[in-house]
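Data from entry_5.cif: mmCIF, C-alpha atoms and all ligand atoms; chains and numbers go by the auth columns
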```cif
data_run
loop_
_atom_site.group_PDB
_atom_site.id
_atom_site.type_symbol
_atom_site.label_atom_id
_atom_site.label_comp_id
_atom_site.label_asym_id
_atom_site.label_seq_id
_atom_site.Cartn_x
_atom_site.Cartn_y
_atom_site.Cartn_z
_atom_site.B_iso_or_equiv
_atom_site.auth_seq_id
_atom_site.auth_asym_id
ATOM 1 C CA MET A 1 71.458 69.065 147.445 0.00 161 U
ATOM 2 C CA PRO A 2 67.686 68.762 148.039 0.00 162 U
ATOM 3 C CA THR A 3 65.567 70.212 145.246 0.00 163 U
ATOM 4 C CA SER A 4 63.968 72.794 147.526 0.00 164 U
ATOM 5 C CA ALA A 5 67.358 74.366 148.268 0.00 165 U
ATOM 6 C CA ARG A 6 68.283 74.910 144.657 0.00 166 U
ATOM 7 C CA THR A 7 68.305 78.406 143.212 0.00 167 U
ATOM 8 C CA ARG A 8 65.136 78.987 141.218 0.00 168 U
ATOM 9 C CA VAL A 9 65.865 80.228 137.711 0.00 169 U
ATOM 10 C CA VAL A 10 63.441 81.622 135.146 0.00 170 U
ATOM 11 C CA ALA A 11 64.661 81.896 131.547 0.00 171 U
ATOM 12 C CA LEU A 12 63.357 84.367 128.984 0.00 172 U
ATOM 13 C CA ILE A 13 63.708 83.333 125.360 0.00 173 U
ATOM 14 C CA SER A 14 62.608 84.369 121.898 0.00 174 U
ATOM 15 C CA GLY A 15 64.050 81.706 119.637 0.00 175 U
ATOM 16 C CA ARG A 16 65.881 78.439 119.193 0.00 176 U
ATOM 17 C CA GLY A 17 67.047 78.168 122.823 0.00 177 U
ATOM 18 C CA THR A 18 70.421 76.475 122.592 0.00 178 U
ATOM 19 C CA ASN A 19 71.708 78.423 125.587 0.00 179 U
ATOM 20 C CA LEU A 20 68.549 77.426 127.418 0.00 180 U
ATOM 21 C CA GLN A 21 69.345 73.828 126.490 0.00 181 U
ATOM 22 C CA ALA A 22 72.839 74.167 127.945 0.00 182 U
ATOM 23 C CA LEU A 23 71.283 75.389 131.190 0.00 183 U
ATOM 24 C CA LEU A 24 68.684 72.614 131.190 0.00 184 U
ATOM 25 C CA ASP A 25 71.406 70.032 130.613 0.00 185 U
ATOM 26 C CA ALA A 26 73.515 71.461 133.435 0.00 186 U
ATOM 27 C CA ALA A 27 70.523 71.577 135.774 0.00 187 U
ATOM 28 C CA ALA A 28 69.719 67.931 135.017 0.00 188 U
ATOM 29 C CA GLY A 29 72.949 66.980 136.745 0.00 189 U
ATOM 30 C CA ASP A 30 74.439 67.839 140.093 0.00 190 U
ATOM 31 C CA PHE A 31 73.831 71.574 139.906 0.00 191 U
ATOM 32 C CA PRO A 32 72.840 74.173 142.509 0.00 192 U
ATOM 33 C CA ALA A 33 70.127 75.732 140.321 0.00 193 U
ATOM 34 C CA GLU A 34 66.968 74.516 138.653 0.00 194 U
ATOM 35 C CA ILE A 35 65.075 76.024 135.733 0.00 195 U
ATOM 36 C CA VAL A 36 61.591 76.455 137.159 0.00 196 U
ATOM 37 C CA GLY A 37 60.025 78.350 134.280 0.00 197 U
ATOM 38 C CA ILE A 38 60.616 79.450 130.718 0.00 198 U
ATOM 39 C CA ILE A 39 58.827 82.410 129.190 0.00 199 U
ATOM 40 C CA SER A 40 58.908 83.355 125.532 0.00 200 U
ATOM 41 C CA ASN A 41 57.548 86.458 123.872 0.00 201 U
ATOM 42 C CA ARG A 42 56.975 84.331 120.750 0.00 202 U
ATOM 43 C CA GLU A 43 54.822 81.247 120.753 0.00 203 U
ATOM 44 C CA ASP A 44 56.800 79.735 117.863 0.00 204 U
ATOM 45 C CA ALA A 45 60.095 79.846 119.773 0.00 205 U
ATOM 46 C CA ALA A 46 61.762 76.438 119.394 0.00 206 U
ATOM 47 C CA GLY A 47 63.137 76.795 122.896 0.00 207 U
ATOM 48 C CA LEU A 48 59.648 76.238 124.326 0.00 208 U
ATOM 49 C CA GLU A 49 59.762 72.661 123.046 0.00 209 U
ATOM 50 C CA ARG A 50 63.125 72.169 124.720 0.00 210 U
ATOM 51 C CA GLY A 51 61.558 73.255 127.983 0.00 211 U
ATOM 52 C CA ARG A 52 58.559 70.982 127.593 0.00 212 U
ATOM 53 C CA ALA A 53 60.854 68.067 126.757 0.00 213 U
ATOM 54 C CA ALA A 54 62.731 68.719 129.995 0.00 214 U
ATOM 55 C CA GLY A 55 59.486 68.840 131.973 0.00 215 U
ATOM 56 C CA VAL A 56 59.780 72.545 132.762 0.00 216 U
ATOM 57 C CA ALA A 57 56.756 74.849 132.875 0.00 217 U
ATOM 58 C CA VAL A 58 56.585 77.159 129.873 0.00 218 U
ATOM 59 C CA ASP A 59 54.596 80.297 129.274 0.00 219 U
ATOM 60 C CA VAL A 60 54.154 82.772 126.421 0.00 220 U
ATOM 61 C CA VAL A 61 53.690 86.504 126.877 0.00 221 U
ATOM 62 C CA SER A 62 53.419 88.025 123.424 0.00 222 U
ATOM 63 C CA HIS A 63 54.581 91.600 123.100 0.00 223 U
ATOM 64 C CA ARG A 64 51.997 91.954 120.322 0.00 224 U
ATOM 65 C CA ASP A 65 49.209 91.778 122.901 0.00 225 U
ATOM 66 C CA PHE A 66 50.310 94.995 124.573 0.00 226 U
ATOM 67 C CA GLU A 67 50.116 98.587 123.456 0.00 227 U
ATOM 68 C CA SER A 68 53.266 99.777 125.140 0.00 228 U
ATOM 69 C CA ARG A 69 56.620 98.464 126.265 0.00 229 U
ATOM 70 C CA GLU A 70 55.637 99.368 129.831 0.00 230 U
ATOM 71 C CA ALA A 71 52.445 97.304 129.701 0.00 231 U
ATOM 72 C CA PHE A 72 54.288 94.318 128.213 0.00 232 U
ATOM 73 C CA ASP A 73 57.026 94.489 130.821 0.00 233 U
ATOM 74 C CA GLN A 74 54.494 94.731 133.642 0.00 234 U
ATOM 75 C CA ALA A 75 52.665 91.634 132.409 0.00 235 U
ATOM 76 C CA LEU A 76 55.959 89.827 131.880 0.00 236 U
ATOM 77 C CA LEU A 77 57.083 90.716 135.382 0.00 237 U
ATOM 78 C CA GLU A 78 53.905 89.307 136.892 0.00 238 U
ATOM 79 C CA ARG A 79 54.223 86.053 134.967 0.00 239 U
ATOM 80 C CA ILE A 80 57.884 85.761 135.987 0.00 240 U
ATOM 81 C CA GLU A 81 57.035 86.382 139.637 0.00 241 U
ATOM 82 C CA ALA A 82 54.498 83.540 139.501 0.00 242 U
ATOM 83 C CA PHE A 83 57.533 81.229 139.330 0.00 243 U
ATOM 84 C CA ARG A 84 59.122 82.866 142.435 0.00 244 U
ATOM 85 C CA PRO A 85 62.576 83.092 140.842 0.00 245 U
ATOM 86 C CA ASP A 86 65.855 83.840 142.572 0.00 246 U
ATOM 87 C CA LEU A 87 67.507 84.524 139.236 0.00 247 U
ATOM 88 C CA LEU A 88 66.307 85.629 135.813 0.00 248 U
ATOM 89 C CA VAL A 89 68.377 84.669 132.774 0.00 249 U
ATOM 90 C CA LEU A 90 67.975 86.169 129.322 0.00 250 U
ATOM 91 C CA ALA A 91 68.747 83.430 126.815 0.00 251 U
ATOM 92 C CA GLY A 92 68.290 84.917 123.386 0.00 252 U
ATOM 93 C CA PHE A 93 65.444 87.179 124.518 0.00 253 U
ATOM 94 C CA MET A 94 65.042 89.722 121.729 0.00 254 U
ATOM 95 C CA ARG A 95 63.119 92.505 123.451 0.00 255 U
ATOM 96 C CA ILE A 96 64.488 95.663 124.976 0.00 256 U
ATOM 97 C CA LEU A 97 63.359 95.873 128.590 0.00 257 U
ATOM 98 C CA THR A 98 62.303 99.059 130.338 0.00 258 U
ATOM 99 C CA ASP A 99 64.581 100.595 132.961 0.00 259 U
ATOM 100 C CA GLU A 100 61.917 99.884 135.600 0.00 260 U
ATOM 101 C CA PHE A 101 61.914 96.189 134.757 0.00 261 U
ATOM 102 C CA VAL A 102 65.697 96.012 134.771 0.00 262 U
ATOM 103 C CA GLN A 103 65.926 97.844 138.076 0.00 263 U
ATOM 104 C CA TYR A 104 63.369 95.500 139.635 0.00 264 U
ATOM 105 C CA PHE A 105 65.646 92.531 138.879 0.00 265 U
ATOM 106 C CA GLU A 106 68.940 94.341 139.417 0.00 266 U
ATOM 107 C CA GLY A 107 71.645 92.031 140.678 0.00 267 U
ATOM 108 C CA ARG A 108 69.602 88.951 139.825 0.00 268 U
ATOM 109 C CA MET A 109 69.298 89.137 136.043 0.00 269 U
ATOM 110 C CA LEU A 110 71.968 87.822 133.658 0.00 270 U
ATOM 111 C CA ASN A 111 72.385 88.014 129.888 0.00 271 U
ATOM 112 C CA ILE A 112 74.649 86.294 127.404 0.00 272 U
ATOM 113 C CA HIS A 113 75.865 88.286 124.443 0.00 273 U
ATOM 114 C CA PRO A 114 77.774 86.941 121.439 0.00 274 U
ATOM 115 C CA SER A 115 80.756 89.293 121.476 0.00 275 U
ATOM 116 C CA LEU A 116 83.589 90.366 123.700 0.00 276 U
ATOM 117 C CA LEU A 117 81.773 93.324 125.217 0.00 277 U
ATOM 118 C CA PRO A 118 82.199 96.267 125.172 0.00 278 U
ATOM 119 C CA ALA A 119 82.970 95.415 121.528 0.00 279 U
ATOM 120 C CA PHE A 120 79.938 94.909 119.295 0.00 280 U
ATOM 121 C CA PRO A 121 76.878 95.485 121.468 0.00 281 U
ATOM 122 C CA GLY A 122 73.557 94.984 119.683 0.00 282 U
ATOM 123 C CA LEU A 123 72.851 92.737 116.693 0.00 283 U
ATOM 124 C CA ASP A 124 74.877 91.035 113.938 0.00 284 U
ATOM 125 C CA THR A 125 77.933 90.716 116.113 0.00 285 U
ATOM 126 C CA HIS A 126 79.646 87.997 114.060 0.00 286 U
ATOM 127 C CA ARG A 127 79.351 89.838 110.772 0.00 287 U
ATOM 128 C CA ARG A 128 80.535 93.046 112.411 0.00 288 U
ATOM 129 C CA ALA A 129 83.510 91.260 113.964 0.00 289 U
ATOM 130 C CA LEU A 130 84.480 89.883 110.543 0.00 290 U
ATOM 131 C CA ASP A 131 84.016 93.286 108.898 0.00 291 U
ATOM 132 C CA ALA A 132 86.196 94.892 111.550 0.00 292 U
ATOM 133 C CA GLY A 133 88.940 92.322 111.014 0.00 293 U
ATOM 134 C CA VAL A 134 89.422 91.612 114.709 0.00 294 U
ATOM 135 C CA PRO A 135 91.743 88.683 115.501 0.00 295 U
ATOM 136 C CA GLU A 136 89.606 87.545 118.427 0.00 296 U
ATOM 137 C CA HIS A 137 85.905 87.319 119.092 0.00 297 U
ATOM 138 C CA GLY A 138 83.820 85.622 121.762 0.00 298 U
ATOM 139 C CA ALA A 139 80.961 85.814 124.196 0.00 299 U
ATOM 140 C CA THR A 140 80.148 87.613 127.420 0.00 300 U
ATOM 141 C CA VAL A 141 77.904 86.863 130.381 0.00 301 U
ATOM 142 C CA HIS A 142 76.988 90.002 132.274 0.00 302 U
ATOM 143 C CA PHE A 143 74.567 91.385 134.816 0.00 303 U
ATOM 144 C CA VAL A 144 71.807 93.318 133.099 0.00 304 U
ATOM 145 C CA THR A 145 71.671 97.049 133.726 0.00 305 U
ATOM 146 C CA PRO A 146 69.521 99.634 131.933 0.00 306 U
ATOM 147 C CA THR A 147 72.036 100.378 129.156 0.00 307 U
ATOM 148 C CA LEU A 148 71.795 97.644 126.512 0.00 308 U
ATOM 149 C CA ASP A 149 74.656 95.109 126.581 0.00 309 U
ATOM 150 C CA ALA A 150 76.648 97.293 128.950 0.00 310 U
ATOM 151 C CA GLY A 151 76.199 95.641 132.345 0.00 311 U
ATOM 152 C CA PRO A 152 79.083 94.535 134.560 0.00 312 U
ATOM 153 C CA ILE A 153 80.899 91.570 133.065 0.00 313 U
ATOM 154 C CA ILE A 154 80.966 88.219 134.858 0.00 314 U
ATOM 155 C CA ILE A 155 82.818 86.009 132.404 0.00 315 U
ATOM 156 C CA GLN A 156 84.039 86.108 128.829 0.00 316 U
ATOM 157 C CA ALA A 157 85.177 83.367 126.482 0.00 317 U
ATOM 158 C CA ARG A 158 87.550 84.169 123.628 0.00 318 U
ATOM 159 C CA VAL A 159 87.869 82.423 120.304 0.00 319 U
ATOM 160 C CA PRO A 160 90.227 83.134 117.400 0.00 320 U
ATOM 161 C CA VAL A 161 88.884 84.565 114.152 0.00 321 U
ATOM 162 C CA GLU A 162 90.332 82.465 111.327 0.00 322 U
ATOM 163 C CA LEU A 163 91.131 83.795 107.851 0.00 323 U
ATOM 164 C CA ASP A 164 88.527 81.720 106.046 0.00 324 U
ATOM 165 C CA ASP A 165 85.745 82.196 108.605 0.00 325 U
ATOM 166 C CA ASP A 166 82.324 83.227 107.474 0.00 326 U
ATOM 167 C CA GLU A 167 79.585 84.470 109.776 0.00 327 U
ATOM 168 C CA HIS A 168 78.167 80.982 110.362 0.00 328 U
ATOM 169 C CA ILE A 169 81.452 79.281 111.137 0.00 329 U
ATOM 170 C CA LEU A 170 82.404 82.041 113.539 0.00 330 U
ATOM 171 C CA ALA A 171 78.954 82.031 115.166 0.00 331 U
ATOM 172 C CA ALA A 172 79.192 78.274 115.757 0.00 332 U
ATOM 173 C CA ARG A 173 82.621 78.623 117.335 0.00 333 U
ATOM 174 C CA VAL A 174 81.325 81.336 119.669 0.00 334 U
ATOM 175 C CA LEU A 175 78.126 79.431 120.466 0.00 335 U
ATOM 176 C CA ARG A 176 80.074 76.415 121.747 0.00 336 U
ATOM 177 C CA GLU A 177 81.725 78.762 124.242 0.00 337 U
ATOM 178 C CA GLU A 178 78.401 80.361 125.183 0.00 338 U
ATOM 179 C CA HIS A 179 77.139 76.934 126.159 0.00 339 U
ATOM 180 C CA ARG A 180 80.121 76.532 128.466 0.00 340 U
ATOM 181 C CA ILE A 181 80.191 79.916 130.204 0.00 341 U
ATOM 182 C CA TYR A 182 76.479 80.545 130.786 0.00 342 U
ATOM 183 C CA PRO A 183 75.990 77.470 132.995 0.00 343 U
ATOM 184 C CA LEU A 184 79.222 78.368 134.775 0.00 344 U
ATOM 185 C CA ALA A 185 77.981 81.867 135.611 0.00 345 U
ATOM 186 C CA VAL A 186 74.633 80.492 136.799 0.00 346 U
ATOM 187 C CA HIS A 187 76.507 77.922 138.869 0.00 347 U
ATOM 188 C CA TRP A 188 78.511 80.672 140.597 0.00 348 U
ATOM 189 C CA PHE A 189 75.384 82.727 141.225 0.00 349 U
ATOM 190 C CA ALA A 190 73.539 79.741 142.652 0.00 350 U
ATOM 191 C CA GLN A 191 76.425 78.975 144.966 0.00 351 U
ATOM 192 C CA GLY A 192 76.099 82.506 146.320 0.00 352 U
ATOM 193 C CA ARG A 193 79.571 83.360 145.069 0.00 353 U
ATOM 194 C CA LEU A 194 78.546 86.111 142.655 0.00 354 U
ATOM 195 C CA ARG A 195 77.398 89.575 143.676 0.00 355 U
ATOM 196 C CA LEU A 196 76.758 92.850 141.927 0.00 356 U
ATOM 197 C CA ARG A 197 77.978 95.793 144.003 0.00 357 U
ATOM 198 C CA GLY A 198 77.533 99.075 142.186 0.00 358 U
ATOM 199 C CA ASP A 199 79.323 98.606 138.874 0.00 359 U
ATOM 200 C CA ALA A 200 81.543 95.857 140.195 0.00 360 U
ATOM 201 C CA VAL A 201 81.035 92.124 140.025 0.00 361 U
ATOM 202 C CA LEU A 202 82.344 90.268 143.054 0.00 362 U
ATOM 203 C CA LEU A 203 83.268 86.602 142.909 0.00 363 U
ATOM 204 C CA ASP A 204 83.925 85.206 146.377 0.00 364 U
ATOM 205 C CA GLY A 205 83.997 88.806 147.608 0.00 365 U
ATOM 206 C CA GLU A 206 86.742 89.867 145.191 0.00 366 U
ATOM 207 C CA PRO A 207 86.215 92.290 142.285 0.00 367 U
ATOM 208 C CA LEU A 208 86.123 90.599 138.912 0.00 368 U
ATOM 209 C CA ARG A 209 86.247 91.926 135.377 0.00 369 U
ATOM 210 C CA SER A 210 86.664 88.919 133.206 0.00 370 U
ATOM 211 C CA VAL A 211 87.953 85.377 133.565 0.00 371 U
HETATM 212 C C1 LIG B . 72.981 83.717 121.424 0.00 401 U
HETATM 213 O O1 LIG B . 73.994 83.969 120.492 0.00 401 U
HETATM 214 C C2 LIG B . 73.071 84.667 122.578 0.00 401 U
HETATM 215 O O2 LIG B . 74.379 85.047 122.862 0.00 401 U
HETATM 216 C C3 LIG B . 72.282 85.853 122.090 0.00 401 U
HETATM 217 O O3 LIG B . 71.236 85.313 121.346 0.00 401 U
HETATM 218 C C4 LIG B . 71.607 84.032 120.849 0.00 401 U
HETATM 219 C C5 LIG B . 70.575 83.076 121.340 0.00 401 U
HETATM 220 O O4 LIG B . 70.777 81.781 120.825 0.00 401 U
HETATM 221 N N1 LIG B . 71.850 86.680 123.196 0.00 401 U
HETATM 222 P P1 LIG B . 69.988 80.574 121.468 0.00 401 U
HETATM 223 O O5 LIG B . 68.506 80.897 121.343 0.00 401 U
HETATM 224 O O6 LIG B . 70.421 80.434 122.884 0.00 401 U
HETATM 225 O O7 LIG B . 70.360 79.386 120.619 0.00 401 U
#
```

Would it be possible to restate this file's structure as structure tokens?
Ligand code: GRF
Amino acid sequence: MPTSARTRVVALISGRGTNLQALLDAAAGDFPAEIVGIISNREDAAGLERGRAAGVAVDVVSHRDFESREAFDQALLERIEAFRPDLLVLAGFMRILTDEFVQYFEGRMLNIHPSLLPAFPGLDTHRRALDAGVPEHGATVHFVTPTLDAGPIIIQARVPVELDDDEHILAARVLREEHRIYPLAVHWFAQGRLRLRGDAVLLDGEPLRSV
């Protein structure tokens, strides 16, 4: 596929960027999407170096430079638009976005969350899963809608919770799955197979809840 026909993806990050790396690695092969820009709200995010190493343009928009969430989101939106993206992916982006921002990118913004949503939205998902004693845990890729971690689900990966797991062991087991399902979801989107219609996710025109 010629480069110009690939789906243009912008990634938002705040930290280490291993999911970003999984997307960069996928995009380096025969893949219908390319990462055209990476934006971090923190200039010390390790993921920026991953982007530079892959030859992708990186940018920093620090939330500290803005007096309100609205002003930050507006600046962020403008910097994203400079990359002319078809798809926006949140890859460990640790800021809550305004409803206006989310609505602007509705149907073309994905997030990955380290739990089997709707279980454990928010932070500390692995510790909370252990505390709750659930037998299974996992990760979810979903379209982003205004309610945090509640958007329509595209794909989930399940892992067992073992008796002697601690937070770190469980997190690593989940993360391996994250690195598998996020590129897959982006692949589907880039192939034009994935659509958000109301609250439903369609894959090849058929409603989907989880795979
Ligand atoms: C991942 O666990 C992801 O699910 C969550 O934030 C973490 C980011 O990790 N949204 P990384 O920066 O991709 O390594």

Please build the interface table for chain U against ligand LIG 401 (chain U) with a cut-off of 8 Å, listing for each qualifying residue the nearest atom pair and the distance in Å to one decimal; count all atoms listed in the file, order rows by chain and increasing number, and write it as a Markdown table.
```
| residue | atom | partner | partner_atom | distance |
| --- | --- | --- | --- | --- |
| U:Ile173 | CA | U:LIG401 | O5 | 6.7 |
| U:Ser174 | CA | U:LIG401 | O5 | 6.9 |
| U:Gly175 | CA | U:LIG401 | O5 | 4.8 |
| U:Arg176 | CA | U:LIG401 | O5 | 4.2 |
| U:Gly177 | CA | U:LIG401 | O5 | 3.4 |
| U:Thr178 | CA | U:LIG401 | O7 | 3.5 |
| U:Asn179 | CA | U:LIG401 | O6 | 3.6 |
| U:Leu180 | CA | U:LIG401 | O6 | 5.8 |
| U:Gln181 | CA | U:LIG401 | O6 | 7.6 |
| U:Gly207 | CA | U:LIG401 | O5 | 6.9 |
| U:Leu250 | CA | U:LIG401 | N1 | 7.3 |
| U:Ala251 | CA | U:LIG401 | O6 | 5.2 |
| U:Gly252 | CA | U:LIG401 | C5 | 3.6 |
| U:Phe253 | CA | U:LIG401 | N1 | 6.6 |
| U:Met254 | CA | U:LIG401 | N1 | 7.6 |
| U:Asn271 | CA | U:LIG401 | N1 | 6.8 |
| U:Ile272 | CA | U:LIG401 | O2 | 4.7 |
| U:His273 | CA | U:LIG401 | O2 | 3.9 |
| U:Pro274 | CA | U:LIG401 | O2 | 4.1 |
| U:Ser275 | CA | U:LIG401 | O2 | 7.8 |
| U:Ala299 | CA | U:LIG401 | O2 | 6.8 |
| U:Thr300 | CA | U:LIG401 | O2 | 7.8 |
| U:Ala331 | CA | U:LIG401 | O1 | 7.5 |
| U:Val334 | CA | U:LIG401 | O1 | 7.8 |
| U:Leu335 | CA | U:LIG401 | O1 | 6.1 |
| U:Glu338 | CA | U:LIG401 | O2 | 6.6 |
```

| message | I'd like the residues picked by the PyMOL selection byres (((chain U and resi 195) around 9) and not hetatm) written out as a list in words, using the chain letters and numbers from the file. | response |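 What the PyMOL selection byres (((chain U and resi 195) around 9) and not hetatm) grabs from the file is Thr167, Arg168, Val169, Val170, Ala171, Leu183, Leu184, Ala187, Ala193, Glu194, Val196, Gly197, Ile198, Gly211, Val216 and Ala217 of chain U.
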
Include C-alpha atoms and write out the residues we just selected as a compact mmCIF listing (two decimals), keeping the file's coordinate frame.
```txt
# COMPACT_ATOMS: atom_id res chain seq x y z
CA THR U 167 68.31 78.41 143.21
CA ARG U 168 65.14 78.99 141.22
CA VAL U 169 65.86 80.23 137.71
CA VAL U 170 63.44 81.62 135.15
CA ALA U 171 64.66 81.90 131.55
CA LEU U 183 71.28 75.39 131.19
CA LEU U 184 68.68 72.61 131.19
CA ALA U 187 70.52 71.58 135.77
CA ALA U 193 70.13 75.73 140.32
CA GLU U 194 66.97 74.52 138.65
CA VAL U 196 61.59 76.46 137.16
CA GLY U 197 60.02 78.35 134.28
CA ILE U 198 60.62 79.45 130.72
CA GLY U 211 61.56 73.26 127.98
CA VAL U 216 59.78 72.54 132.76
CA ALA U 217 56.76 74.85 132.88
```

| field | Spatial neighbours of U:Arg288, max dist 10 Å, only C-alpha atoms, sep filter under 4 positions, as a PyMOL selection string | value | chain U and resi 275+279-280+283-284+292-294+327

Which residues fall under the PyMOL selection byres (((chain U and resi 230-247) around 8) and not hetatm) in this file, as a CSV table (one decimal) with C-alpha atoms, keeping the file's coordinate frame?
```
chain,number,residue,atom,x,y,z
U,167,THR,CA,68.3,78.4,143.2
U,168,ARG,CA,65.1,79.0,141.2
U,169,VAL,CA,65.9,80.2,137.7
U,170,VAL,CA,63.4,81.6,135.1
U,196,VAL,CA,61.6,76.5,137.2
U,197,GLY,CA,60.0,78.4,134.3
U,199,ILE,CA,58.8,82.4,129.2
U,221,VAL,CA,53.7,86.5,126.9
U,222,SER,CA,53.4,88.0,123.4
U,223,HIS,CA,54.6,91.6,123.1
U,225,ASP,CA,49.2,91.8,122.9
U,226,PHE,CA,50.3,95.0,124.6
U,227,GLU,CA,50.1,98.6,123.5
U,228,SER,CA,53.3,99.8,125.1
U,229,ARG,CA,56.6,98.5,126.3
U,248,LEU,CA,66.3,85.6,135.8
U,249,VAL,CA,68.4,84.7,132.8
U,257,LEU,CA,63.4,95.9,128.6
U,258,THR,CA,62.3,99.1,130.3
U,261,PHE,CA,61.9,96.2,134.8
U,268,ARG,CA,69.6,89.0,139.8
U,269,MET,CA,69.3,89.1,136.0
U,270,LEU,CA,72.0,87.8,133.7
```

| message | Between U:Gly352, U:Val301, U:His328, U:Tyr264, which residue has the minimum interatomic distance to U:His286, considering all atoms listed in the file? | response |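 For U:His286, the nearest of the given residues is U:His328.
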
| task | Return the single residue from U:Pro312, U:Gly282, U:Pro343, U:Pro192 that is closest to U:Ala360, with distances computed using all atoms listed in the file. | result |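 Looking only at the distances to U:Ala360, the closest residue turns out to be U:Pro312.
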
| field | Atomic separation - atom CA of U:Arg336 relative to atom CA of U:Thr285, Å | value | 15.5 Å

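The closest residue to U:Ile341, picked from U:Ala188, U:Leu362, U:Ile315, U:Leu356 and counting only C-alpha atoms, is U:Ile315.
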
| message | Quick check, in Å to one decimal: how far apart do atom CA of U:Phe303 and atom CA of U:Val319 lie? | response |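 That distance, rounded to one decimal, is 21.6 Å.
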
| Looking at only C-alpha atoms, which of U:Glu337, U:Glu260, U:Asp309, U:Glu296 is the one that sits closest to U:Pro281? |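 Nearest candidate to U:Pro281 out of U:Glu337, U:Glu260, U:Asp309, U:Glu296: U:Asp309.
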
| Atomic distance atom CA of U:Arg287 - atom CA of U:Leu330, expressed in Å with one decimal |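 Interatomic distance, atom CA of U:Arg287 to atom CA of U:Leu330: 8.8 Å.
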
| field | Residue with smallest distance to U:Ala310 - pool U:Arg353, U:Asp359, U:Val346, U:Pro278, counting only C-alpha atoms | value |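 When distances to U:Ala310 are compared using only C-alpha atoms, the smallest one comes from U:Pro278.
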
| Which residue, U:Arg202, U:His302, U:Arg333, U:Arg210, has the smallest gap to U:Leu368 when you use all atoms listed in the file? | U:His302
